[in-house]
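What follows is the content of upload21.cif, which has mmCIF, C-alpha atoms:
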```
data_my_file
#
loop_
_atom_site.label_atom_id
_atom_site.label_comp_id
_atom_site.auth_asym_id
_atom_site.auth_seq_id
_atom_site.Cartn_x
_atom_site.Cartn_y
_atom_site.Cartn_z
CA MET A 1 29.78 5.21 28.49
CA SER A 2 28.46 6.03 31.94
CA ALA A 3 27.27 3.40 34.38
CA SER A 4 23.71 4.78 34.05
CA THR A 5 23.48 4.18 30.29
CA PRO A 6 20.90 1.46 29.54
CA ILE A 7 22.22 -1.83 28.21
CA GLN A 8 20.23 -2.76 25.13
CA THR A 9 19.37 -6.39 24.54
CA LEU A 10 19.20 -6.18 20.76
CA THR A 11 22.30 -5.26 18.77
CA PRO A 12 22.91 -4.41 15.10
CA LEU A 13 24.28 -7.95 14.65
CA ALA A 14 21.13 -9.44 16.18
CA ILE A 15 18.97 -7.43 13.79
CA ARG A 16 21.13 -8.42 10.80
CA ASP A 17 20.74 -12.07 11.80
CA ARG A 18 16.95 -11.76 11.60
CA LYS A 19 17.15 -11.83 7.80
CA GLY A 20 14.43 -14.14 6.48
CA LYS A 21 13.19 -14.95 9.98
CA GLU A 22 10.57 -13.31 12.20
CA PRO A 23 9.79 -9.85 10.80
CA VAL A 24 11.60 -6.95 12.47
CA VAL A 25 9.20 -4.53 14.18
CA CYS A 26 10.30 -0.89 14.08
CA LEU A 27 8.78 2.43 15.08
CA THR A 28 10.02 5.97 15.56
CA ALA A 29 10.15 7.69 18.93
CA TYR A 30 11.23 11.17 20.00
CA THR A 31 10.43 11.35 23.73
CA THR A 32 11.03 9.23 26.81
CA PRO A 33 7.38 8.25 27.49
CA ILE A 34 6.79 7.17 23.88
CA ALA A 35 10.16 5.37 23.82
CA LYS A 36 9.09 3.30 26.83
CA LEU A 37 5.91 2.25 25.04
CA ALA A 38 7.75 1.46 21.80
CA ASP A 39 10.49 -0.46 23.61
CA ALA A 40 7.96 -2.95 24.94
CA ALA A 41 6.70 -3.82 21.46
CA CYS A 42 9.53 -3.15 19.02
CA ASP A 43 12.86 -4.60 17.95
CA VAL A 44 14.17 -1.26 16.66
CA VAL A 45 13.33 2.23 17.89
CA LEU A 46 14.38 4.93 15.44
CA VAL A 47 14.97 8.50 16.53
CA GLY A 48 13.90 9.79 13.13
CA ASP A 49 14.57 13.18 11.64
CA SER A 50 10.81 13.13 11.03
CA VAL A 51 10.82 14.74 14.49
CA GLY A 52 11.22 18.04 12.66
CA MET A 53 7.83 17.71 11.00
CA VAL A 54 6.01 15.77 13.72
CA LEU A 55 7.07 17.70 16.84
CA HIS A 56 8.62 20.94 15.60
CA GLY A 57 6.20 21.89 12.83
CA LEU A 58 8.83 22.08 10.09
CA PRO A 59 7.69 21.67 6.47
CA SER A 60 10.28 18.95 5.81
CA THR A 61 13.19 17.16 7.48
CA LEU A 62 15.74 19.53 5.94
CA GLY A 63 15.72 21.94 8.88
CA VAL A 64 16.57 19.29 11.47
CA THR A 65 19.92 19.87 13.21
CA MET A 66 22.48 17.74 15.03
CA GLU A 67 21.48 19.46 18.26
CA MET A 68 17.86 18.39 17.77
CA MET A 69 18.85 14.79 17.06
CA ILE A 70 21.08 14.68 20.13
CA LEU A 71 18.35 16.16 22.34
CA HIS A 72 15.72 13.67 21.19
CA GLY A 73 18.22 10.81 21.06
CA LYS A 74 19.04 11.31 24.74
CA ALA A 75 15.35 11.43 25.60
CA VAL A 76 14.60 8.20 23.74
CA MET A 77 17.56 6.38 25.27
CA ARG A 78 16.16 7.12 28.73
CA GLY A 79 13.15 5.02 27.77
CA VAL A 80 14.78 2.19 25.83
CA ASN A 81 16.18 -0.91 27.53
CA ARG A 82 15.50 -3.79 25.13
CA ALA A 83 15.15 -2.55 21.56
CA LEU A 84 18.00 -1.40 19.33
CA CYS A 85 18.08 2.40 19.24
CA VAL A 86 19.07 3.96 15.91
CA VAL A 87 19.47 7.72 15.37
CA ASP A 88 19.01 9.49 12.05
CA MET A 89 21.87 11.61 10.77
CA PRO A 90 20.33 14.95 9.76
CA PHE A 91 20.68 16.63 6.39
CA GLY A 92 24.08 18.23 5.92
CA SER A 93 25.82 16.18 8.61
CA TYR A 94 27.31 13.44 6.39
CA GLU A 95 27.08 14.27 2.68
CA GLU A 96 30.24 16.36 2.39
CA SER A 97 32.77 13.58 3.01
CA PRO A 98 33.29 10.30 4.87
CA ALA A 99 35.40 12.17 7.42
CA GLN A 100 32.57 14.62 8.12
CA ALA A 101 30.16 11.72 8.43
CA PHE A 102 32.38 9.95 10.94
CA ARG A 103 32.84 13.06 13.08
CA ASN A 104 29.10 13.60 13.30
CA ALA A 105 28.12 9.94 13.60
CA SER A 106 30.58 9.31 16.40
CA HIS A 107 29.37 12.48 18.12
CA LEU A 108 25.75 11.34 17.87
CA LEU A 109 26.51 7.92 19.34
CA ALA A 110 28.74 9.31 22.09
CA GLU A 111 26.21 11.96 23.16
CA THR A 112 23.06 9.82 23.00
CA GLY A 113 24.28 6.33 23.87
CA ALA A 114 22.44 4.93 20.84
CA SER A 115 23.89 1.90 19.05
CA ALA A 116 23.66 2.85 15.37
CA VAL A 117 22.98 5.63 12.91
CA LYS A 118 20.80 5.75 9.82
CA LEU A 119 21.65 7.72 6.72
CA GLU A 120 20.03 8.17 3.34
CA GLY A 121 21.49 7.31 -0.06
CA GLY A 122 22.69 4.41 -2.14
CA VAL A 123 25.52 4.24 -4.65
CA HIS A 124 26.77 7.74 -3.88
CA MET A 125 26.90 6.94 -0.14
CA LYS A 126 28.68 3.60 -0.49
CA GLU A 127 32.11 4.97 0.36
CA THR A 128 30.76 6.86 3.35
CA ILE A 129 28.92 3.84 4.77
CA ALA A 130 32.01 1.65 4.36
CA PHE A 131 34.14 4.34 6.04
CA LEU A 132 31.82 4.45 9.06
CA VAL A 133 31.47 0.68 9.41
CA ALA A 134 35.25 0.21 9.23
CA ARG A 135 35.58 2.62 12.15
CA GLY A 136 33.04 0.97 14.42
CA VAL A 137 29.86 2.86 13.53
CA PRO A 138 26.96 0.49 12.71
CA VAL A 139 24.90 1.90 9.83
CA MET A 140 21.32 1.34 8.76
CA GLY A 141 20.81 2.39 5.14
CA HIS A 142 17.81 4.13 3.59
CA ILE A 143 16.95 4.13 -0.12
CA GLY A 144 13.97 4.64 -2.40
CA LEU A 145 12.16 7.79 -1.33
CA THR A 146 14.77 9.62 0.71
CA PRO A 147 13.04 12.62 2.34
CA GLN A 148 16.25 14.63 2.72
CA ALA A 149 16.51 14.62 -1.10
CA VAL A 150 12.90 15.65 -1.64
CA ASN A 151 13.90 18.76 -3.60
CA VAL A 152 15.95 16.66 -6.02
CA LEU A 153 13.31 13.94 -6.31
CA GLY A 154 10.57 16.46 -7.06
CA GLY A 155 8.39 15.63 -4.08
CA TYR A 156 7.33 12.61 -2.08
CA LYS A 157 6.79 10.35 -5.09
CA VAL A 158 6.92 6.58 -5.40
CA GLN A 159 10.40 5.57 -6.54
CA GLY A 160 11.61 2.66 -8.68
CA ARG A 161 8.79 2.34 -11.17
CA ASN A 162 9.49 0.94 -14.64
CA GLU A 163 13.02 1.74 -15.88
CA ASP A 164 13.85 3.47 -12.57
CA ALA A 165 13.82 0.09 -10.78
CA GLN A 166 17.42 -0.72 -11.68
CA ARG A 167 18.65 2.48 -10.04
CA VAL A 168 17.03 1.48 -6.76
CA ILE A 169 18.35 -2.08 -7.01
CA ASP A 170 21.86 -0.72 -7.57
CA ASP A 171 21.45 1.50 -4.51
CA ALA A 172 20.38 -1.47 -2.39
CA LEU A 173 23.30 -3.62 -3.49
CA ALA A 174 25.74 -0.78 -2.86
CA VAL A 175 24.46 -0.23 0.69
CA GLU A 176 24.73 -3.95 1.44
CA GLU A 177 28.23 -4.20 -0.02
CA ALA A 178 29.33 -1.18 2.03
CA GLY A 179 28.52 -3.07 5.24
CA ALA A 180 25.16 -1.74 6.47
CA PHE A 181 23.41 -4.15 8.87
CA ALA A 182 19.92 -3.35 7.53
CA ILE A 183 18.27 -1.08 4.98
CA VAL A 184 15.04 0.90 4.92
CA LEU A 185 13.08 0.73 1.66
CA GLU A 186 10.68 3.67 1.38
CA LYS A 187 7.77 4.13 -1.02
CA LEU A 188 8.58 1.50 -3.64
CA PRO A 189 6.31 -0.72 -5.74
CA ARG A 190 5.55 -3.92 -3.85
CA SER A 191 7.18 -6.07 -6.53
CA LEU A 192 10.42 -4.09 -6.31
CA GLY A 193 10.44 -4.31 -2.52
CA ALA A 194 10.09 -8.07 -2.78
CA ASP A 195 12.80 -8.30 -5.45
CA ILE A 196 15.30 -6.31 -3.40
CA THR A 197 14.46 -8.31 -0.27
CA ASN A 198 15.19 -11.54 -2.14
CA ARG A 199 18.48 -10.20 -3.52
CA LEU A 200 19.95 -8.93 -0.25
CA THR A 201 21.48 -10.84 2.64
CA ILE A 202 20.67 -8.06 5.12
CA PRO A 203 17.16 -7.29 6.39
CA THR A 204 14.98 -4.87 4.47
CA ILE A 205 12.75 -2.64 6.58
CA GLY A 206 9.77 -1.46 4.57
CA ILE A 207 7.79 1.74 4.79
CA GLY A 208 5.45 1.60 1.85
CA ALA A 209 7.48 -1.14 0.15
CA GLY A 210 5.21 -4.15 0.63
CA PRO A 211 4.76 -7.02 3.10
CA GLU A 212 7.58 -9.13 1.67
CA CYS A 213 10.19 -6.95 3.40
CA ASP A 214 12.01 -8.44 6.40
CA GLY A 215 10.46 -5.84 8.70
CA GLN A 216 8.30 -2.75 8.80
CA ILE A 217 8.61 0.75 10.21
CA LEU A 218 6.12 3.59 10.67
CA VAL A 219 6.24 7.02 12.26
CA ILE A 220 4.62 6.38 15.62
CA ASP A 221 2.57 9.56 15.56
CA ASP A 222 1.10 8.46 12.21
CA MET A 223 0.08 4.97 13.34
CA LEU A 224 -1.36 6.27 16.64
CA GLY A 225 -3.29 9.01 14.88
CA LEU A 226 -1.49 11.77 16.80
CA PHE A 227 -0.20 13.47 13.65
CA ALA A 228 -3.30 14.08 11.58
CA ASP A 229 -2.25 16.80 9.12
CA PHE A 230 -2.04 14.19 6.36
CA LYS A 231 -2.01 10.40 6.03
CA PRO A 232 0.31 8.66 3.55
CA LYS A 233 -1.15 5.67 1.67
CA PHE A 234 1.25 3.27 3.43
CA VAL A 235 0.11 4.28 6.93
CA LYS A 236 -2.41 2.22 8.88
CA ARG A 237 -3.85 4.06 11.86
CA TYR A 238 -4.10 1.71 14.81
CA ALA A 239 -5.63 4.43 17.00
CA THR A 240 -7.11 7.92 16.66
CA LEU A 241 -5.49 9.58 19.66
CA ALA A 242 -5.68 13.10 18.25
CA GLU A 243 -9.48 12.84 18.10
CA GLN A 244 -9.60 11.45 21.65
CA ALA A 245 -7.32 14.22 22.89
CA GLU A 246 -9.43 16.89 21.16
CA GLN A 247 -12.56 15.54 22.83
CA ALA A 248 -10.84 15.37 26.23
CA LEU A 249 -9.61 18.96 25.93
CA ALA A 250 -13.06 20.20 24.98
CA THR A 251 -14.62 18.41 27.97
CA TYR A 252 -11.96 19.85 30.29
CA ALA A 253 -12.57 23.37 29.03
CA GLN A 254 -16.32 23.00 29.44
CA GLU A 255 -15.99 21.69 33.00
CA VAL A 256 -13.62 24.48 34.02
CA ARG A 257 -15.92 27.15 32.60
CA SER A 258 -18.96 25.62 34.32
CA ARG A 259 -17.01 25.09 37.58
CA VAL A 260 -17.63 21.33 37.51
CA PHE A 261 -13.86 20.84 37.73
CA PRO A 262 -12.21 20.76 40.18
CA GLY A 263 -14.76 18.88 42.26
CA PRO A 264 -14.63 18.07 45.99
CA GLU A 265 -12.50 15.00 45.28
CA HIS A 266 -9.84 17.22 43.70
CA SER A 267 -9.75 19.80 46.51
CA PHE A 268 -7.99 19.90 49.91
CA GLY A 269 -9.67 20.37 53.26
CA ASP A 270 -8.51 22.52 56.19
CA ARG A 271 -7.43 19.52 58.27
CA THR A 272 -5.18 16.52 57.59
#
```

Would it be possible to restate this file's structure as structure tokens?
Amino acid sequence: MSASTPIQTLTPLAIRDRKGKEPVVCLTAYTTPIAKLADAACDVVLVGDSVGMVLHGLPSTLGVTMEMMILHGKAVMRGVNRALCVVDMPFGSYEESPAQAFRNASHLLAETGASAVKLEGGVHMKETIAFLVARGVPVMGHIGLTPQAVNVLGGYKVQGRNEDAQRVIDDALAVEEAGAFAIVLEKLPRSLGADITNRLTIPTIGIGAGPECDGQILVIDDMLGLFADFKPKFVKRYATLAEQAEQALATYAQEVRSRVFPGPEHSFGDRT
């Protein structure tokens, strides 16, 4: 690690130790300016593979590559000094085998300077998570709705309802037993989110899994109202920046066309 790499205050162990204490605040970030803003407020900044949909216009996360995650991971790390930075492992970079997962996870951490990776899956990923943790790669798990498996799940549906609850519980227990320091619970019934949170000794980070989770995460563009193509039920918009930007752009265009901008205060004279 180079001398210029930021030293993060919060570590995977520090986040794990927050279990049952003050809720863990998490947001995604993909660029340096947004990372700086998130770092001031958050405990965990996730370089999510949601970048494919939010910034690159992809229809899902399936088209996200290692190169994209490294590029955005480096950008985010330039803006993070306090929060724990976690990078998503993209689809196809870890499912084949534990050895493949380690090669790509270690590459992600070495290239970006981030402190941990996140990967999706429960029981079927237990061996892989344990393999990574045993070799020095901190892992955040992700179960419930796993967007990389959207084609198998039949869409972005709520998971764990009725008889399906036991499957999700088994996934959660497997991820904990494998050694993950925290686990994201996505799009689950509130009662199931609470049940899993009570069963586990590691923090649960909810996204549409209820307030009983040990922390919460949202896509930052969703909560700021920058990404307005659709709004999931679990998203609360704390700002409407897309609307403000649209209005600002329209005003700018009008002032340029009417020669109001640039005014005298924006122009240079002949003399110093």

Within 12 Å of A:Thr65, counting all atoms listed in the file, which residues qualify if same-chain residues fewer than 5 places away don't, as a PDB file with C-alpha atoms, in the coordinates of the input?
```pdb
ATOM      1  CA  GLY A  48      13.900   9.790  13.130  1.00  0.00           C
ATOM      2  CA  ASP A  49      14.570  13.180  11.640  1.00  0.00           C
ATOM      3  CA  SER A  50      10.810  13.130  11.030  1.00  0.00           C
ATOM      4  CA  VAL A  51      10.820  14.740  14.490  1.00  0.00           C
ATOM      5  CA  GLY A  52      11.220  18.040  12.660  1.00  0.00           C
ATOM      6  CA  HIS A  56       8.620  20.940  15.600  1.00  0.00           C
ATOM      7  CA  LEU A  58       8.830  22.080  10.090  1.00  0.00           C
ATOM      8  CA  ILE A  70      21.080  14.680  20.130  1.00  0.00           C
ATOM      9  CA  LEU A  71      18.350  16.160  22.340  1.00  0.00           C
ATOM     10  CA  HIS A  72      15.720  13.670  21.190  1.00  0.00           C
ATOM     11  CA  ASP A  88      19.010   9.490  12.050  1.00  0.00           C
ATOM     12  CA  MET A  89      21.870  11.610  10.770  1.00  0.00           C
ATOM     13  CA  PRO A  90      20.330  14.950   9.760  1.00  0.00           C
ATOM     14  CA  PHE A  91      20.680  16.630   6.390  1.00  0.00           C
ATOM     15  CA  GLY A  92      24.080  18.230   5.920  1.00  0.00           C
ATOM     16  CA  SER A  93      25.820  16.180   8.610  1.00  0.00           C
ATOM     17  CA  TYR A  94      27.310  13.440   6.390  1.00  0.00           C
ATOM     18  CA  ASN A 104      29.100  13.600  13.300  1.00  0.00           C
ATOM     19  CA  LEU A 108      25.750  11.340  17.870  1.00  0.00           C
TER      20      LEU A 108
END
```

Practice task
Using the chain letters and numbers from the file, give me the residues hit by the PyMOL selection byres ((chain A and resi 37) around 12), as a ChimeraX atom specification.
Solution key: /A:27-36,38-42,45,76,78-83,220,224

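Across the structure, atom CA of A:His124 and atom CA of A:Val54 are spaced 28.4 Å apart.
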
Exercise: residues within 8 Å of coordinate (11.4, -7.8, 15.5), counting all atoms listed in the file, as a PDB file with C-alpha atoms, keeping the file's coordinate frame:
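Written file, part-v9.pdb:
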```pdb
ATOM      1  CA  ILE A  15      18.970  -7.430  13.790  1.00  0.00           C
ATOM      2  CA  ARG A  18      16.950 -11.760  11.600  1.00  0.00           C
ATOM      3  CA  GLU A  22      10.570 -13.310  12.200  1.00  0.00           C
ATOM      4  CA  PRO A  23       9.790  -9.850  10.800  1.00  0.00           C
ATOM      5  CA  VAL A  24      11.600  -6.950  12.470  1.00  0.00           C
ATOM      6  CA  VAL A  25       9.200  -4.530  14.180  1.00  0.00           C
ATOM      7  CA  CYS A  26      10.300  -0.890  14.080  1.00  0.00           C
ATOM      8  CA  CYS A  42       9.530  -3.150  19.020  1.00  0.00           C
ATOM      9  CA  ASP A  43      12.860  -4.600  17.950  1.00  0.00           C
ATOM     10  CA  VAL A  44      14.170  -1.260  16.660  1.00  0.00           C
ATOM     11  CA  GLY A 215      10.460  -5.840   8.700  1.00  0.00           C
TER      12      GLY A 215
END
```

Practice task
Provide the atom CA of A:Leu55 to atom CA of A:Thr204 distance in Å, to one decimal place.
Solution key: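 Answer for the atom CA of A:Leu55 to atom CA of A:Thr204 separation: 26.9 Å.
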
Handout entry: Closest of A:Asp229, A:Asp221, A:Glu186, A:Glu176 to A:Thr201 - atom-to-atom distances counting all atoms listed in the file
Key =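 The answer is A:Glu176, which sits nearest to A:Thr201.
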
Exercise for the section: Could you check which of A:Arg199, A:Lys236, A:Arg259, A:Lys118 is closest to A:Met140, using only C-alpha atoms? Expected result: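 Among the listed residues, A:Lys118 lies closest to A:Met140.
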
Exercise for the section: Excluding A:Leu84 and residues on its chain fewer than 4 positions from it, collect all residues at most 8 Å away from it, counting all atoms listed in the file, and give them as a list in words. Expected result: Gln8, Thr9, Leu10, Thr11, Pro12, Asp43, Val44, Val45, Ala114 and Ser115 of chain A

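For the atom pair formed by atom CA of A:Met53 and atom CA of A:Asp171, the distance is 26.2 Å, given to one decimal.
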
Exercise for the section: Using all atoms listed in the file, find the one residue out of A:Ile202, A:Ile183, A:Ala194, A:Leu145 that sits nearest to A:Asp17. Expected result: A:Ile202

Expansion of the PyMOL selection byres ((chain A and resi 189-193) around 6) into residues, as a PDB file with C-alpha atoms, keeping the file's coordinate frame:
```
ATOM      1  CA  LEU A 188       8.580   1.500  -3.640  1.00  0.00           C
ATOM      2  CA  ALA A 194      10.090  -8.070  -2.780  1.00  0.00           C
ATOM      3  CA  ASP A 195      12.800  -8.300  -5.450  1.00  0.00           C
ATOM      4  CA  ILE A 196      15.300  -6.310  -3.400  1.00  0.00           C
ATOM      5  CA  ALA A 209       7.480  -1.140   0.150  1.00  0.00           C
ATOM      6  CA  GLY A 210       5.210  -4.150   0.630  1.00  0.00           C
TER       7      GLY A 210
END
```

Completion exercise
Closest of A:Val152, A:Met68, A:Ala178, A:Val260 to A:Glu111, counting only C-alpha atoms, is A:Met68

Practice task
Tell me which residues the PyMOL selection byres ((chain A and resi 175) around 8) grabs here, as a list in words.
Solution key: Gly122, Val123, Met125, Lys126, Ile129, Gly141, Asp171, Ala172, Leu173, Ala174, Glu176, Glu177, Ala178, Gly179, Ala180 and Ile183 of chain A

Please dump the current selection as a PDB file, keeping the file's coordinate frame; keep C-alpha atoms.
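again.pdb written:
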```
ATOM      1  CA  GLY A 122      22.690   4.410  -2.140  1.00  0.00           C
ATOM      2  CA  VAL A 123      25.520   4.240  -4.650  1.00  0.00           C
ATOM      3  CA  MET A 125      26.900   6.940  -0.140  1.00  0.00           C
ATOM      4  CA  LYS A 126      28.680   3.600  -0.490  1.00  0.00           C
ATOM      5  CA  ILE A 129      28.920   3.840   4.770  1.00  0.00           C
ATOM      6  CA  GLY A 141      20.810   2.390   5.140  1.00  0.00           C
ATOM      7  CA  ASP A 171      21.450   1.500  -4.510  1.00  0.00           C
ATOM      8  CA  ALA A 172      20.380  -1.470  -2.390  1.00  0.00           C
ATOM      9  CA  LEU A 173      23.300  -3.620  -3.490  1.00  0.00           C
ATOM     10  CA  ALA A 174      25.740  -0.780  -2.860  1.00  0.00           C
ATOM     11  CA  GLU A 176      24.730  -3.950   1.440  1.00  0.00           C
ATOM     12  CA  GLU A 177      28.230  -4.200  -0.020  1.00  0.00           C
ATOM     13  CA  ALA A 178      29.330  -1.180   2.030  1.00  0.00           C
ATOM     14  CA  GLY A 179      28.520  -3.070   5.240  1.00  0.00           C
ATOM     15  CA  ALA A 180      25.160  -1.740   6.470  1.00  0.00           C
ATOM     16  CA  ILE A 183      18.270  -1.080   4.980  1.00  0.00           C
TER      17      ILE A 183
END
```

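The environment of A:Lys187 within 8 Å, counting all atoms listed in the file and disregarding residues fewer than 4 places along the same chain, consists of A:Gly144, A:Leu145, A:Lys157, A:Val158, A:Gln159, A:Ile207, A:Gly208, A:Ala209, A:Phe234.
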
Would you fill out stretch 32-55 of chain A with N, CA, C and O atoms and return it as a compact mmCIF listing (two decimals), keeping the file's coordinate frame?
```
# COMPACT_ATOMS: atom_id res chain seq x y z
N THR A 32 10.86 10.34 25.88
CA THR A 32 11.03 9.23 26.81
C THR A 32 9.75 8.42 27.02
O THR A 32 9.78 7.19 26.95
N PRO A 33 8.59 9.05 27.27
CA PRO A 33 7.38 8.25 27.49
C PRO A 33 7.01 7.39 26.28
O PRO A 33 6.65 6.22 26.44
N ILE A 34 7.12 7.95 25.08
CA ILE A 34 6.79 7.17 23.88
C ILE A 34 7.83 6.08 23.67
O ILE A 34 7.51 4.96 23.24
N ALA A 35 9.10 6.38 23.96
CA ALA A 35 10.16 5.37 23.82
C ALA A 35 9.89 4.17 24.71
O ALA A 35 10.12 3.02 24.32
N LYS A 36 9.40 4.40 25.93
CA LYS A 36 9.09 3.30 26.83
C LYS A 36 7.99 2.41 26.24
O LYS A 36 8.06 1.18 26.34
N LEU A 37 6.98 3.03 25.65
CA LEU A 37 5.91 2.25 25.04
C LEU A 37 6.43 1.46 23.83
O LEU A 37 6.11 0.28 23.67
N ALA A 38 7.22 2.12 22.99
CA ALA A 38 7.75 1.46 21.80
C ALA A 38 8.71 0.34 22.17
O ALA A 38 8.74 -0.72 21.51
N ASP A 39 9.50 0.53 23.20
CA ASP A 39 10.49 -0.46 23.61
C ASP A 39 9.85 -1.79 23.96
O ASP A 39 10.42 -2.85 23.72
N ALA A 40 8.64 -1.73 24.52
CA ALA A 40 7.96 -2.95 24.94
C ALA A 40 7.48 -3.77 23.75
O ALA A 40 7.30 -4.99 23.87
N ALA A 41 7.28 -3.13 22.60
CA ALA A 41 6.70 -3.82 21.46
C ALA A 41 7.65 -4.02 20.30
O ALA A 41 7.41 -4.89 19.46
N CYS A 42 8.71 -3.23 20.24
CA CYS A 42 9.53 -3.15 19.02
C CYS A 42 10.90 -3.80 19.16
O CYS A 42 11.42 -3.96 20.27
N ASP A 43 11.48 -4.13 18.02
CA ASP A 43 12.86 -4.60 17.95
C ASP A 43 13.82 -3.44 17.71
O ASP A 43 14.95 -3.46 18.18
N VAL A 44 13.37 -2.44 16.97
CA VAL A 44 14.17 -1.26 16.66
C VAL A 44 13.34 -0.02 16.94
O VAL A 44 12.19 0.08 16.52
N VAL A 45 13.93 0.92 17.67
CA VAL A 45 13.33 2.23 17.89
C VAL A 45 14.21 3.25 17.18
O VAL A 45 15.40 3.37 17.49
N LEU A 46 13.64 3.96 16.22
CA LEU A 46 14.38 4.93 15.44
C LEU A 46 14.07 6.34 15.91
O LEU A 46 12.90 6.75 15.93
N VAL A 47 15.12 7.07 16.26
CA VAL A 47 14.97 8.50 16.53
C VAL A 47 15.06 9.17 15.15
O VAL A 47 16.15 9.47 14.66
N GLY A 48 13.92 9.33 14.51
CA GLY A 48 13.90 9.79 13.13
C GLY A 48 13.99 11.29 12.99
O GLY A 48 13.51 12.03 13.87
N ASP A 49 14.57 11.74 11.88
CA ASP A 49 14.57 13.18 11.64
C ASP A 49 13.18 13.67 11.28
O ASP A 49 12.94 14.88 11.15
N SER A 50 12.22 12.75 11.15
CA SER A 50 10.81 13.13 11.03
C SER A 50 10.34 13.92 12.24
O SER A 50 9.28 14.55 12.19
N VAL A 51 11.12 13.93 13.31
CA VAL A 51 10.82 14.74 14.49
C VAL A 51 10.63 16.20 14.11
O VAL A 51 9.85 16.93 14.73
N GLY A 52 11.35 16.65 13.08
CA GLY A 52 11.22 18.04 12.66
C GLY A 52 9.82 18.39 12.22
O GLY A 52 9.29 19.46 12.55
N MET A 53 9.18 17.48 11.48
CA MET A 53 7.83 17.71 11.00
C MET A 53 6.79 17.38 12.07
O MET A 53 5.81 18.11 12.25
N VAL A 54 7.01 16.28 12.79
CA VAL A 54 6.01 15.77 13.72
C VAL A 54 5.92 16.62 14.99
O VAL A 54 4.82 16.95 15.46
N LEU A 55 7.06 16.98 15.56
CA LEU A 55 7.07 17.70 16.84
C LEU A 55 7.41 19.19 16.73
O LEU A 55 7.01 19.97 17.58
```
